[in-house]
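K.L.:
Structure file structure23.txt, compact mmCIF, C-alpha atoms and all ligand atoms, is pasted below:
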```txt
# COMPACT_ATOMS: atom_id res chain seq x y z
CA MET H 1 1.22 -41.24 -16.08
CA ASN H 2 0.67 -39.38 -19.31
CA GLY H 3 -0.90 -35.91 -19.41
CA LYS H 4 -4.12 -37.07 -21.00
CA PHE H 5 -4.78 -39.56 -18.22
CA VAL H 6 -4.08 -36.94 -15.53
CA ASN H 7 -6.43 -34.45 -17.19
CA LYS H 8 -9.21 -37.04 -17.37
CA GLU H 9 -8.86 -37.80 -13.68
CA LEU H 10 -8.63 -34.08 -12.87
CA ASN H 11 -11.68 -33.18 -14.95
CA LYS H 12 -13.66 -35.93 -13.25
CA ILE H 13 -12.82 -34.60 -9.79
CA LEU H 14 -13.49 -30.99 -10.77
CA LEU H 15 -17.03 -31.82 -11.86
CA GLN H 16 -17.98 -33.42 -8.54
CA GLU H 17 -20.48 -31.68 -6.26
CA GLU H 18 -18.85 -32.84 -3.02
CA PHE H 19 -15.15 -33.15 -2.30
CA THR H 20 -13.35 -35.45 0.11
CA LYS H 21 -10.14 -34.51 1.86
CA ASP H 22 -8.30 -36.79 -0.59
CA ASP H 23 -9.80 -34.89 -3.55
CA ILE H 24 -8.66 -31.60 -2.04
CA VAL H 25 -5.15 -32.91 -1.36
CA TYR H 26 -5.04 -34.14 -4.97
CA LEU H 27 -6.02 -30.71 -6.31
CA LEU H 28 -3.59 -28.84 -4.05
CA SER H 29 -0.79 -31.20 -5.13
CA LEU H 30 -1.14 -30.57 -8.88
CA GLU H 31 2.27 -29.66 -10.22
CA ASP H 32 2.25 -29.48 -14.01
CA GLU H 33 1.33 -26.18 -15.57
CA LYS H 34 -1.47 -27.53 -17.72
CA SER H 35 -3.30 -29.11 -14.76
CA ILE H 36 -2.93 -25.97 -12.67
CA GLU H 37 -4.35 -23.95 -15.57
CA ILE H 38 -7.36 -26.31 -15.71
CA LEU H 39 -7.84 -25.89 -11.94
CA PHE H 40 -7.75 -22.08 -12.16
CA ALA H 41 -10.11 -22.08 -15.17
CA ARG H 42 -12.66 -24.17 -13.25
CA ALA H 43 -12.40 -21.82 -10.24
CA ASP H 44 -12.83 -18.83 -12.54
CA LYS H 45 -15.92 -20.36 -14.09
CA ILE H 46 -17.53 -20.96 -10.69
CA ARG H 47 -16.54 -17.46 -9.58
CA LYS H 48 -18.30 -16.04 -12.64
CA LEU H 49 -21.40 -18.11 -11.88
CA TYR H 50 -21.66 -16.99 -8.24
CA CYS H 51 -20.12 -13.48 -8.31
CA ASP H 52 -20.32 -12.39 -11.93
CA ASP H 53 -17.50 -9.99 -12.89
CA GLU H 54 -17.91 -7.72 -9.89
CA VAL H 55 -14.94 -7.10 -7.63
CA HIS H 56 -15.77 -5.84 -4.15
CA LEU H 57 -13.42 -3.33 -2.56
CA ARG H 58 -13.02 -3.24 1.22
CA GLY H 59 -11.21 -0.15 2.53
CA VAL H 60 -9.00 -1.07 5.47
CA ILE H 61 -8.14 1.25 8.37
CA GLU H 62 -5.42 -0.16 10.64
CA PHE H 63 -6.24 2.06 13.59
CA SER H 64 -4.00 0.58 16.32
CA ASN H 65 -0.92 -1.63 16.21
CA PHE H 66 -0.88 -2.34 19.94
CA CYS H 67 -1.31 -6.07 20.55
CA GLU H 68 -1.65 -8.20 23.67
CA GLU H 69 -0.82 -11.37 21.77
CA ASN H 70 2.51 -12.92 20.95
CA CYS H 71 1.94 -14.87 17.73
CA MET H 72 5.23 -16.38 16.49
CA TYR H 73 4.68 -15.18 12.92
CA CYS H 74 3.45 -11.63 13.47
CA GLY H 75 5.52 -8.45 13.48
CA LEU H 76 3.05 -6.78 15.83
CA ARG H 77 3.54 -9.41 18.57
CA LYS H 78 3.70 -7.97 22.06
CA ASP H 79 7.37 -8.86 22.61
CA ASN H 80 8.51 -6.96 19.52
CA GLU H 81 9.80 -3.79 21.10
CA LYS H 82 11.23 -2.47 17.82
CA VAL H 83 7.77 -1.51 16.52
CA PRO H 84 6.74 2.06 17.35
CA ARG H 85 3.19 1.67 18.62
CA TYR H 86 0.35 4.01 17.70
CA ARG H 87 -3.37 4.50 18.19
CA MET H 88 -5.34 6.68 15.82
CA ARG H 89 -7.72 9.14 17.45
CA PRO H 90 -11.45 8.49 16.94
CA ASP H 91 -11.80 11.65 14.82
CA GLU H 92 -8.92 10.49 12.58
CA ILE H 93 -10.54 7.07 12.18
CA ILE H 94 -13.91 8.57 11.31
CA GLU H 95 -12.31 11.03 8.83
CA THR H 96 -10.49 8.13 7.15
CA ALA H 97 -13.75 6.21 6.94
CA LYS H 98 -15.40 9.17 5.21
CA ARG H 99 -12.49 9.39 2.76
CA ILE H 100 -13.02 5.74 1.89
CA ALA H 101 -16.78 6.15 1.46
CA ASN H 102 -16.24 9.25 -0.72
CA GLN H 103 -14.25 7.09 -3.12
CA GLY H 104 -17.31 4.94 -3.66
CA ILE H 105 -16.07 2.07 -1.51
CA HIS H 106 -18.94 0.50 0.41
CA THR H 107 -17.18 -1.57 3.07
CA ILE H 108 -14.93 -0.25 5.82
CA VAL H 109 -12.71 -2.68 7.69
CA LEU H 110 -11.70 -1.52 11.16
CA GLN H 111 -8.56 -3.49 11.92
CA SER H 112 -6.19 -3.47 14.89
CA GLY H 113 -4.02 -5.66 17.05
CA GLN H 114 -5.74 -7.16 20.07
CA ASP H 115 -5.88 -3.79 21.84
CA PHE H 116 -8.21 -3.55 24.83
CA TYR H 117 -7.58 0.20 25.14
CA PHE H 118 -10.29 0.40 22.50
CA ASP H 119 -12.99 -0.91 24.81
CA SER H 120 -16.55 -1.92 24.04
CA ASP H 121 -17.92 1.64 24.15
CA MET H 122 -15.17 3.17 22.03
CA ILE H 123 -15.64 0.63 19.27
CA SER H 124 -19.43 1.02 19.48
CA PHE H 125 -18.98 4.79 19.17
CA LEU H 126 -16.83 4.34 16.05
CA ILE H 127 -19.32 1.95 14.45
CA TYR H 128 -22.27 4.16 15.25
CA SER H 129 -20.57 7.36 14.03
CA ILE H 130 -19.33 5.84 10.77
CA LYS H 131 -22.72 4.26 10.04
CA ASN H 132 -24.37 7.58 10.76
CA ASP H 133 -22.12 9.46 8.33
CA CYS H 134 -21.57 6.92 5.55
CA ASP H 135 -23.67 4.36 3.70
CA VAL H 136 -21.27 1.48 4.24
CA ALA H 137 -20.99 -2.00 5.71
CA ILE H 138 -18.55 -2.34 8.61
CA THR H 139 -16.21 -5.26 9.12
CA LEU H 140 -14.42 -5.59 12.45
CA SER H 141 -11.02 -7.29 12.60
CA LEU H 142 -9.93 -6.83 16.20
CA GLY H 143 -8.82 -10.31 17.24
CA GLU H 144 -10.48 -12.37 19.95
CA ARG H 145 -12.70 -10.22 22.17
CA SER H 146 -15.47 -11.04 24.66
CA PHE H 147 -18.87 -12.39 23.60
CA GLU H 148 -20.50 -9.34 25.27
CA GLU H 149 -18.38 -7.04 23.09
CA TYR H 150 -19.26 -8.91 19.90
CA LYS H 151 -22.93 -8.54 20.83
CA ALA H 152 -22.68 -4.83 21.70
CA TRP H 153 -20.89 -4.09 18.42
CA LYS H 154 -23.49 -6.00 16.43
CA ILE H 155 -26.19 -3.89 18.06
CA ALA H 156 -24.17 -0.73 17.31
CA GLY H 157 -24.34 -1.65 13.61
CA ALA H 158 -21.34 -3.82 12.75
CA ASP H 159 -22.06 -6.20 9.87
CA ARG H 160 -19.09 -8.51 9.62
CA TYR H 161 -16.22 -9.93 11.65
CA LEU H 162 -12.90 -11.16 10.29
CA LEU H 163 -11.10 -13.61 12.56
CA LYS H 164 -8.73 -15.99 10.83
CA HIS H 165 -8.35 -19.44 12.35
CA GLU H 166 -4.75 -19.37 10.98
CA THR H 167 -4.49 -23.19 11.18
CA SER H 168 -6.98 -25.97 11.78
CA ASN H 169 -4.25 -28.13 13.32
CA PRO H 170 -4.67 -27.76 17.13
CA HIS H 171 -1.07 -28.79 17.81
CA HIS H 172 0.31 -26.21 15.35
CA PHE H 173 -2.09 -23.58 16.67
CA SER H 174 -0.66 -23.96 20.17
CA ILE H 175 2.91 -23.75 18.82
CA TYR H 176 2.20 -20.55 16.85
CA HIS H 177 0.37 -18.87 19.71
CA ASP H 178 1.27 -18.06 23.27
CA LYS H 179 -1.90 -18.62 25.25
CA GLN H 180 -4.63 -18.88 22.65
CA LYS H 181 -6.22 -22.20 21.77
CA LEU H 182 -7.83 -23.40 18.54
CA SER H 183 -10.91 -24.61 20.42
CA THR H 184 -11.53 -21.09 21.76
CA ARG H 185 -10.99 -19.55 18.32
CA LEU H 186 -13.60 -21.92 16.87
CA GLU H 187 -16.09 -21.12 19.65
CA HIS H 188 -15.68 -17.43 18.85
CA LEU H 189 -16.22 -18.00 15.14
CA LYS H 190 -19.37 -20.02 15.84
CA TYR H 191 -20.71 -17.41 18.26
CA LEU H 192 -20.10 -14.58 15.78
CA LYS H 193 -22.00 -16.51 13.15
CA LYS H 194 -24.81 -17.33 15.59
CA ILE H 195 -25.49 -13.69 16.50
CA GLY H 196 -25.71 -12.67 12.86
CA TYR H 197 -22.30 -11.46 11.77
CA GLN H 198 -21.11 -12.31 8.29
CA VAL H 199 -17.92 -14.08 9.23
CA GLY H 200 -14.55 -14.21 7.53
CA SER H 201 -11.84 -16.69 8.44
CA GLY H 202 -8.80 -18.26 6.81
CA ASN H 203 -5.23 -19.37 7.18
CA MET H 204 -1.70 -18.52 6.17
CA ILE H 205 -0.09 -20.67 3.49
CA GLY H 206 3.46 -21.78 4.25
CA LEU H 207 3.58 -21.47 8.03
CA PRO H 208 6.33 -23.65 9.52
CA LEU H 209 5.27 -27.31 9.98
CA GLN H 210 2.28 -26.96 7.65
CA THR H 211 1.53 -29.83 5.24
CA ILE H 212 -0.79 -30.03 2.22
CA GLU H 213 -3.12 -32.13 4.40
CA ASP H 214 -3.28 -29.23 6.88
CA ILE H 215 -4.32 -26.83 4.11
CA ALA H 216 -7.02 -29.32 3.02
CA ASP H 217 -8.28 -29.37 6.63
CA ASP H 218 -8.27 -25.54 6.68
CA ILE H 219 -10.50 -25.52 3.60
CA LEU H 220 -12.84 -28.16 5.06
CA LEU H 221 -13.03 -26.22 8.33
CA CYS H 222 -14.17 -23.10 6.45
CA LYS H 223 -16.86 -25.22 4.83
CA GLU H 224 -17.94 -26.72 8.16
CA LEU H 225 -18.17 -23.25 9.76
CA ASN H 226 -20.21 -22.05 6.77
CA ILE H 227 -18.09 -18.90 6.66
CA ASP H 228 -18.93 -16.01 4.36
CA MET H 229 -15.39 -15.00 3.38
CA ALA H 230 -12.25 -17.17 3.15
CA ALA H 231 -8.96 -15.25 3.31
CA PHE H 232 -5.98 -17.46 2.49
CA GLY H 233 -2.72 -15.54 2.09
CA PRO H 234 0.95 -16.50 2.10
CA PHE H 235 3.05 -16.33 5.25
CA ILE H 236 5.82 -13.74 4.93
CA PRO H 237 8.65 -13.87 7.51
CA SER H 238 8.78 -10.77 9.63
CA PRO H 239 11.99 -9.42 11.24
CA ASP H 240 12.24 -9.44 15.03
CA THR H 241 9.90 -12.42 15.33
CA PRO H 242 10.81 -16.04 16.15
CA TYR H 243 9.97 -16.98 12.55
CA GLN H 244 12.13 -14.30 10.93
CA ASN H 245 14.40 -16.85 9.23
CA LYS H 246 11.67 -19.19 7.99
CA SER H 247 10.76 -19.31 4.30
CA ALA H 248 7.83 -17.44 2.86
CA GLY H 249 4.74 -19.26 1.62
CA ASN H 250 4.58 -20.27 -2.02
CA ALA H 251 2.52 -18.05 -4.33
CA VAL H 252 1.34 -20.85 -6.63
CA LEU H 253 0.26 -22.98 -3.68
CA THR H 254 -1.66 -19.97 -2.34
CA LEU H 255 -3.39 -19.52 -5.70
CA LYS H 256 -4.19 -23.23 -5.84
CA ALA H 257 -5.71 -23.03 -2.34
CA MET H 258 -7.86 -20.05 -3.39
CA ALA H 259 -9.03 -21.90 -6.48
CA VAL H 260 -9.90 -25.01 -4.47
CA ILE H 261 -11.88 -22.91 -1.97
CA ARG H 262 -13.93 -21.45 -4.82
CA ILE H 263 -14.54 -24.91 -6.27
CA VAL H 264 -15.41 -26.57 -2.95
CA LEU H 265 -17.21 -23.75 -1.06
CA LYS H 266 -18.61 -21.88 -4.08
CA ASP H 267 -20.74 -19.09 -2.51
CA VAL H 268 -17.99 -17.37 -0.50
CA HIS H 269 -16.12 -14.13 -0.90
CA ILE H 270 -12.41 -14.68 -1.53
CA PRO H 271 -9.91 -11.83 -1.33
CA ALA H 272 -6.73 -11.64 -3.37
CA THR H 273 -4.62 -10.54 -0.43
CA THR H 274 -2.00 -7.83 -0.14
CA ALA H 275 0.41 -10.52 1.09
CA LEU H 276 -0.03 -12.40 -2.19
CA ASP H 277 0.62 -9.22 -4.18
CA THR H 278 3.72 -8.70 -2.07
CA ILE H 279 5.41 -12.00 -2.92
CA GLU H 280 4.14 -12.33 -6.49
CA THR H 281 4.14 -9.89 -9.42
CA LYS H 282 0.53 -9.10 -10.33
CA GLY H 283 -0.48 -11.29 -7.40
CA ARG H 284 -3.85 -9.57 -7.10
CA GLU H 285 -4.70 -10.06 -10.76
CA LYS H 286 -3.60 -13.70 -10.60
CA GLY H 287 -5.77 -14.16 -7.50
CA LEU H 288 -8.78 -12.60 -9.21
CA ARG H 289 -8.30 -15.09 -12.04
CA ALA H 290 -8.05 -18.08 -9.70
CA GLY H 291 -11.35 -17.67 -7.87
CA ALA H 292 -11.03 -14.40 -5.92
CA ASN H 293 -13.62 -11.59 -6.10
CA VAL H 294 -12.49 -9.17 -3.36
CA LEU H 295 -9.63 -6.67 -2.90
CA MET H 296 -8.78 -4.96 0.36
CA PRO H 297 -6.93 -1.68 -0.32
CA ASN H 298 -5.23 -0.10 2.66
CA PHE H 299 -6.30 3.44 3.60
CA THR H 300 -4.33 3.77 6.84
CA PRO H 301 -2.92 7.31 6.75
CA ASN H 302 0.71 8.16 7.30
CA PRO H 303 2.64 8.13 9.58
CA TYR H 304 0.74 5.13 10.96
CA ARG H 305 0.70 3.03 7.81
CA ASP H 306 4.43 2.24 7.91
CA GLN H 307 4.18 1.21 11.54
CA TYR H 308 1.58 -1.50 10.95
CA GLN H 309 4.28 -4.04 10.24
CA ILE H 310 2.64 -7.44 10.34
CA TYR H 311 5.34 -8.31 7.81
CA PRO H 312 8.05 -6.01 6.36
CA THR H 313 6.63 -2.79 4.97
CA SER H 314 9.50 -2.53 2.50
CA VAL H 315 7.86 -5.37 0.58
CA ARG H 316 4.29 -4.25 1.17
CA LYS H 317 3.06 -2.90 -2.13
CA ASP H 318 -0.43 -1.80 -1.30
CA LEU H 319 -2.82 -0.64 -3.94
CA ASP H 320 -2.28 3.08 -3.55
CA PRO H 321 -5.60 4.67 -2.65
CA SER H 322 -4.05 8.13 -2.94
CA LEU H 323 -4.52 7.74 -6.68
CA SER H 324 -8.27 8.32 -6.20
CA GLY H 325 -8.92 4.68 -6.79
CA ILE H 326 -8.21 5.07 -10.50
CA ARG H 327 -5.25 2.74 -10.49
CA MET H 328 -7.24 0.22 -8.52
CA GLN H 329 -10.05 0.47 -11.03
CA ASN H 330 -7.58 0.17 -13.92
CA ARG H 331 -6.05 -2.97 -12.47
CA ILE H 332 -9.51 -4.50 -12.13
CA GLU H 333 -10.70 -3.41 -15.57
CA SER H 334 -7.45 -4.53 -17.23
CA ILE H 335 -8.54 -8.11 -16.60
CA GLY H 336 -12.10 -7.61 -17.79
CA ARG H 337 -13.71 -7.18 -14.38
CA LYS H 338 -15.52 -4.24 -12.83
CA VAL H 339 -15.67 -2.52 -9.46
CA SER H 340 -18.87 -3.42 -7.68
CA GLN H 341 -21.19 -0.64 -6.57
CA SER H 342 -22.88 -2.79 -3.95
CA LYS H 343 -21.85 -3.38 -0.34
CA GLY H 344 -20.89 -6.91 -1.21
CA ASP H 345 -22.81 -8.72 1.51
CA SER H 346 -22.44 -12.45 1.99
CA LEU H 347 -23.28 -14.48 -1.12
CA LYS H 348 -25.32 -16.71 1.19
CA MET H 349 -27.82 -13.90 1.77
CA TYR H 350 -29.21 -13.95 -1.75
N1 LIG H 401 2.74 -13.02 7.04
C1 LIG H 401 1.50 -13.00 6.45
N2 LIG H 401 0.37 -12.76 7.13
C2 LIG H 401 0.48 -12.53 8.45
N3 LIG H 401 -0.44 -12.29 9.39
C3 LIG H 401 0.17 -12.13 10.58
N4 LIG H 401 1.49 -12.27 10.43
C4 LIG H 401 1.72 -12.52 9.12
C5 LIG H 401 2.88 -12.78 8.36
N5 LIG H 401 4.09 -12.80 8.92
C6 LIG H 401 -1.88 -12.28 9.11
C7 LIG H 401 -2.61 -13.28 9.97
C8 LIG H 401 -3.51 -12.44 10.84
C9 LIG H 401 -3.58 -11.12 10.14
C10 LIG H 401 -3.70 -9.98 11.09
O1 LIG H 401 -2.37 -11.01 9.42
O2 LIG H 401 -3.38 -14.17 9.18
O3 LIG H 401 -4.79 -12.98 10.97
```
In structure tokens, write the structure found in this file.

P.N.:
Amino acid sequence: MNGKFVNKELNKILLQEEFTKDDIVYLLSLEDEKSIEILFARADKIRKLYCDDEVHLRGVIEFSNFCEENCMYCGLRKDNEKVPRYRMRPDEIIETAKRIANQGIHTIVLQSGQDFYFDSDMISFLIYSIKNDCDVAITLSLGERSFEEYKAWKIAGADRYLLKHETSNPHHFSIYHDKQKLSTRLEHLKYLKKIGYQVGSGNMIGLPLQTIEDIADDILLCKELNIDMAAFGPFIPSPDTPYQNKSAGNAVLTLKAMAVIRIVLKDVHIPATTALDTIETKGREKGLRAGANVLMPNFTPNPYRDQYQIYPTSVRKDLDPSLSGIRMQNRIESIGRKVSQSKGDSLKMY
């Protein structure tokens, strides 16, 4: 096939309103540079239409790395005894939240392993205290918890919940996870949505066994769940896990997946993940140019930060918030975008 013919076919698909699984597989499979450029340009155009040039910052606090789960890919899995475990004290968490808010960041992400030491009341206390002190939105990212807890935390003031489905393939899901099931994960996502959370989900690109068709299903699942944020980042092998010798996900495939999400789902937030920045030079900038409109800088204070080893910290190049956000702002402005001053609620709310 000559290039012209491919571009005609590609342009025709890109202008469709609805996309079949075959269309998505076609877009994810594009290989030549020119076609990929056309895909990213279309995603960028739709991003501009729905999000303008604003980039939303979400300040992440990784407040506990204890985890009850044993996910094959994750460095924080329960069986990994090499990880020194920590829990931040509530006053440290609240202080960190204030530090984030003082930098003009309007979303705080409370993230941890699945750690039931932080029970319903403790999390409610954190939400309530932070909301009382700071004018911010709160995202919880605490793994699968009980429906009663989700409800209590919503009442305490939480706005959003981030729970990645990781894979829409039920067979793969049960291989990657010890006891958890995809059907349960999906029930949780639907319940969170039903009680009014803005919900984030997503997958990892390049997990063992994953095919392009699986990624297409992941994108269609996000559409079906009507999620508010889609976080697709590359898998990075983590030492002392069963997948330590597997290959990392491919950066271009990750960027293509992000672009396709923007084109197919349109009114969703899409982060350019830290994992992408880790495996790819200027990964965040490339993500922001391929459909993304969100960055999630890490504010976890030392000595905890280095112990939150989902994947190797030696390769984790977080945006350094200690630079008063100026570097972050520079990176955003260097590509003609600007830091949003709003809380960055779901695009479906407008
Ligand atoms: N590489 C990249 N991302 C990972 N996560 C867990 N382990 C890895 C890894 N090895 C992601 C998962 C999970 C979140 C906490 O981190 O998507 O939802």

K.L.:
Which residue out of H:Tyr150, H:Tyr73, H:Phe116, H:Phe232 has the minimum interatomic distance to ligand LIG 401 (chain H) when all atoms listed in the file are used?

P.N.:
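Looking only at the distances to ligand LIG 401 (chain H), the closest residue turns out to be H:Tyr73.
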
K.L.:
Within 8 Å of ligand LIG 401 (chain H), which residues of chain H show up? Give each one with its shortest atom-to-atom distance in Å (one decimal) and the two atoms involved, counting only C-alpha atoms and all ligand atoms, rows by chain then rising residue number, as CSV.

P.N.:
```
residue,atom,partner,partner_atom,distance
H:Cys71,CA,H:LIG401,N4,7.8
H:Tyr73,CA,H:LIG401,N5,4.7
H:Cys74,CA,H:LIG401,N4,3.7
H:Gly75,CA,H:LIG401,N4,6.3
H:Leu76,CA,H:LIG401,N4,7.9
H:Ser112,CA,H:LIG401,C10,7.9
H:Gly113,CA,H:LIG401,C10,7.4
H:Ser141,CA,H:LIG401,C10,7.9
H:Gly143,CA,H:LIG401,O3,7.9
H:Leu163,CA,H:LIG401,O3,6.5
H:Lys164,CA,H:LIG401,O3,5.0
H:His165,CA,H:LIG401,O3,7.5
H:Glu166,CA,H:LIG401,O2,5.7
H:Gly202,CA,H:LIG401,O2,7.2
H:Asn203,CA,H:LIG401,O2,5.9
H:Met204,CA,H:LIG401,O2,5.6
H:Phe232,CA,H:LIG401,O2,7.9
H:Gly233,CA,H:LIG401,N2,6.5
H:Pro234,CA,H:LIG401,C1,5.6
H:Phe235,CA,H:LIG401,N1,3.8
H:Ile236,CA,H:LIG401,N1,3.8
H:Pro237,CA,H:LIG401,N5,4.9
H:Ser238,CA,H:LIG401,N5,5.2
H:Ala248,CA,H:LIG401,N1,7.9
H:Ala275,CA,H:LIG401,C1,6.0
H:Ile310,CA,H:LIG401,N4,5.0
H:Tyr311,CA,H:LIG401,N5,4.8
```

K.L.:
Residues as selected, C-alpha atoms, written as a CSV table (one decimal), in the frame of the given file, can you do that?

P.N.:
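Listed below is the output, part03.csv:
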```csv
chain,number,residue,atom,x,y,z
H,71,CYS,CA,1.9,-14.9,17.7
H,73,TYR,CA,4.7,-15.2,12.9
H,74,CYS,CA,3.4,-11.6,13.5
H,75,GLY,CA,5.5,-8.4,13.5
H,76,LEU,CA,3.0,-6.8,15.8
H,112,SER,CA,-6.2,-3.5,14.9
H,113,GLY,CA,-4.0,-5.7,17.0
H,141,SER,CA,-11.0,-7.3,12.6
H,143,GLY,CA,-8.8,-10.3,17.2
H,163,LEU,CA,-11.1,-13.6,12.6
H,164,LYS,CA,-8.7,-16.0,10.8
H,165,HIS,CA,-8.4,-19.4,12.4
H,166,GLU,CA,-4.8,-19.4,11.0
H,202,GLY,CA,-8.8,-18.3,6.8
H,203,ASN,CA,-5.2,-19.4,7.2
H,204,MET,CA,-1.7,-18.5,6.2
H,232,PHE,CA,-6.0,-17.5,2.5
H,233,GLY,CA,-2.7,-15.5,2.1
H,234,PRO,CA,1.0,-16.5,2.1
H,235,PHE,CA,3.0,-16.3,5.2
H,236,ILE,CA,5.8,-13.7,4.9
H,237,PRO,CA,8.6,-13.9,7.5
H,238,SER,CA,8.8,-10.8,9.6
H,248,ALA,CA,7.8,-17.4,2.9
H,275,ALA,CA,0.4,-10.5,1.1
H,310,ILE,CA,2.6,-7.4,10.3
H,311,TYR,CA,5.3,-8.3,7.8
```

K.L.:
Might you pull out every residue within 12 Å of Glu33 in chain H, with only C-alpha atoms counted and same-chain residues fewer than 3 positions away left off, and present them as a list in words?

P.N.:
Gly3, Asn7, Ser29, Leu30, Ile36, Glu37, Ile38, Leu39, Phe40, Val252 and Lys256 of chain H

K.L.:
Which is closer to Ile215 in chain H than all the others in H:Glu187, H:Asp119, H:Asp22, H:Glu17, using all atoms listed in the file?

P.N.:
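Nearest candidate to Ile215 in chain H out of H:Glu187, H:Asp119, H:Asp22, H:Glu17: H:Asp22.
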
K.L.:
Which protein, DNA or RNA residues are at most 9 Å from (-6.1, -31.8, 19.5) in the file's coordinates when you count only C-alpha atoms, listed as JSON, numbers by chain?

P.N.:
{"H": [169, 170, 171, 182, 183]}

K.L.:
Return the single residue from H:His172, H:Arg145, H:Lys98, H:Lys154 that is closest to Leu189 in chain H, with distances computed using only C-alpha atoms.

P.N.:
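Among the listed residues, H:Arg145 lies closest to Leu189 in chain H.
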
K.L.:
May I have the protein, DNA and RNA residues with any atom at most 9 Å from the point (-9.2, -30.6, -18.0), counting only C-alpha atoms, written as a list in words?

P.N.:
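Nearby residues: Lys4, Val6, Asn7, Lys8, Glu9, Leu10, Asn11, Lys12, Leu14, Lys34, Ser35, Glu37, Ile38, Leu39 and Arg42 of chain H.
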
K.L.:
Work out how far apart CA of Glu224 in chain H and CA of Thr167 in chain H are and give it in Å to one decimal.

P.N.:
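Taking CA of Glu224 in chain H and CA of Thr167 in chain H, their separation equals 14.2 Å.
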
K.L.:
For each of H:Ser120, H:Thr241, H:Phe299, H:Phe19, take the minimum atom-to-atom distance to Ala101 in chain H, counting only C-alpha atoms, then give the residue where this is smallest.

P.N.:
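Smallest separation from Ala101 in chain H among the options: H:Phe299.
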
K.L.:
For Val268 in chain H, which residue among H:Gly200, H:Pro297, H:Gly59, H:Gly336 is the nearest when counting all atoms listed in the file?

P.N.:
H:Gly200

K.L.:
Can you fill out range 170-174 of chain H with all heavy atoms and hand it back as a PDB file, keeping the file's coordinate frame?

P.N.:
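Dumped everything to out_13.pdb:
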```
ATOM      1  N   PRO H 170      -4.714 -28.284  15.754  1.00  0.00           N
ATOM      2  CA  PRO H 170      -4.670 -27.760  17.130  1.00  0.00           C
ATOM      3  C   PRO H 170      -3.251 -27.736  17.701  1.00  0.00           C
ATOM      4  O   PRO H 170      -2.892 -26.822  18.445  1.00  0.00           O
ATOM      5  CB  PRO H 170      -5.547 -28.729  17.927  1.00  0.00           C
ATOM      6  CG  PRO H 170      -5.985 -29.799  17.001  1.00  0.00           C
ATOM      7  CD  PRO H 170      -5.508 -29.503  15.617  1.00  0.00           C
ATOM      8  N   HIS H 171      -2.444 -28.736  17.315  1.00  0.00           N
ATOM      9  CA  HIS H 171      -1.070 -28.790  17.810  1.00  0.00           C
ATOM     10  C   HIS H 171      -0.267 -27.597  17.261  1.00  0.00           C
ATOM     11  O   HIS H 171       0.404 -26.877  18.014  1.00  0.00           O
ATOM     12  CB  HIS H 171      -0.449 -30.124  17.389  1.00  0.00           C
ATOM     13  CG  HIS H 171       0.971 -30.265  17.777  1.00  0.00           C
ATOM     14  ND1 HIS H 171       1.402 -30.152  19.090  1.00  0.00           N
ATOM     15  CD2 HIS H 171       2.090 -30.510  17.023  1.00  0.00           C
ATOM     16  CE1 HIS H 171       2.719 -30.315  19.128  1.00  0.00           C
ATOM     17  NE2 HIS H 171       3.160 -30.519  17.893  1.00  0.00           N
ATOM     18  N   HIS H 172      -0.385 -27.349  15.953  1.00  0.00           N
ATOM     19  CA  HIS H 172       0.310 -26.210  15.350  1.00  0.00           C
ATOM     20  C   HIS H 172      -0.195 -24.897  15.940  1.00  0.00           C
ATOM     21  O   HIS H 172       0.588 -23.986  16.195  1.00  0.00           O
ATOM     22  CB  HIS H 172       0.128 -26.199  13.825  1.00  0.00           C
ATOM     23  CG  HIS H 172       0.780 -27.360  13.136  1.00  0.00           C
ATOM     24  ND1 HIS H 172       0.635 -27.604  11.794  1.00  0.00           N
ATOM     25  CD2 HIS H 172       1.573 -28.354  13.605  1.00  0.00           C
ATOM     26  CE1 HIS H 172       1.310 -28.697  11.466  1.00  0.00           C
ATOM     27  NE2 HIS H 172       1.875 -29.166  12.551  1.00  0.00           N
ATOM     28  N   PHE H 173      -1.512 -24.824  16.135  1.00  0.00           N
ATOM     29  CA  PHE H 173      -2.090 -23.580  16.670  1.00  0.00           C
ATOM     30  C   PHE H 173      -1.419 -23.228  18.003  1.00  0.00           C
ATOM     31  O   PHE H 173      -1.060 -22.080  18.256  1.00  0.00           O
ATOM     32  CB  PHE H 173      -3.609 -23.732  16.861  1.00  0.00           C
ATOM     33  CG  PHE H 173      -4.315 -22.417  17.100  1.00  0.00           C
ATOM     34  CD1 PHE H 173      -4.960 -21.757  16.070  1.00  0.00           C
ATOM     35  CD2 PHE H 173      -4.319 -21.833  18.372  1.00  0.00           C
ATOM     36  CE1 PHE H 173      -5.610 -20.539  16.280  1.00  0.00           C
ATOM     37  CE2 PHE H 173      -4.959 -20.625  18.597  1.00  0.00           C
ATOM     38  CZ  PHE H 173      -5.601 -19.978  17.544  1.00  0.00           C
ATOM     39  N   SER H 174      -1.231 -24.261  18.851  1.00  0.00           N
ATOM     40  CA  SER H 174      -0.660 -23.960  20.170  1.00  0.00           C
ATOM     41  C   SER H 174       0.840 -23.658  20.075  1.00  0.00           C
ATOM     42  O   SER H 174       1.385 -22.978  20.939  1.00  0.00           O
ATOM     43  CB  SER H 174      -0.948 -25.092  21.156  1.00  0.00           C
ATOM     44  OG  SER H 174      -0.362 -26.270  20.667  1.00  0.00           O
TER      45      SER H 174
END
```
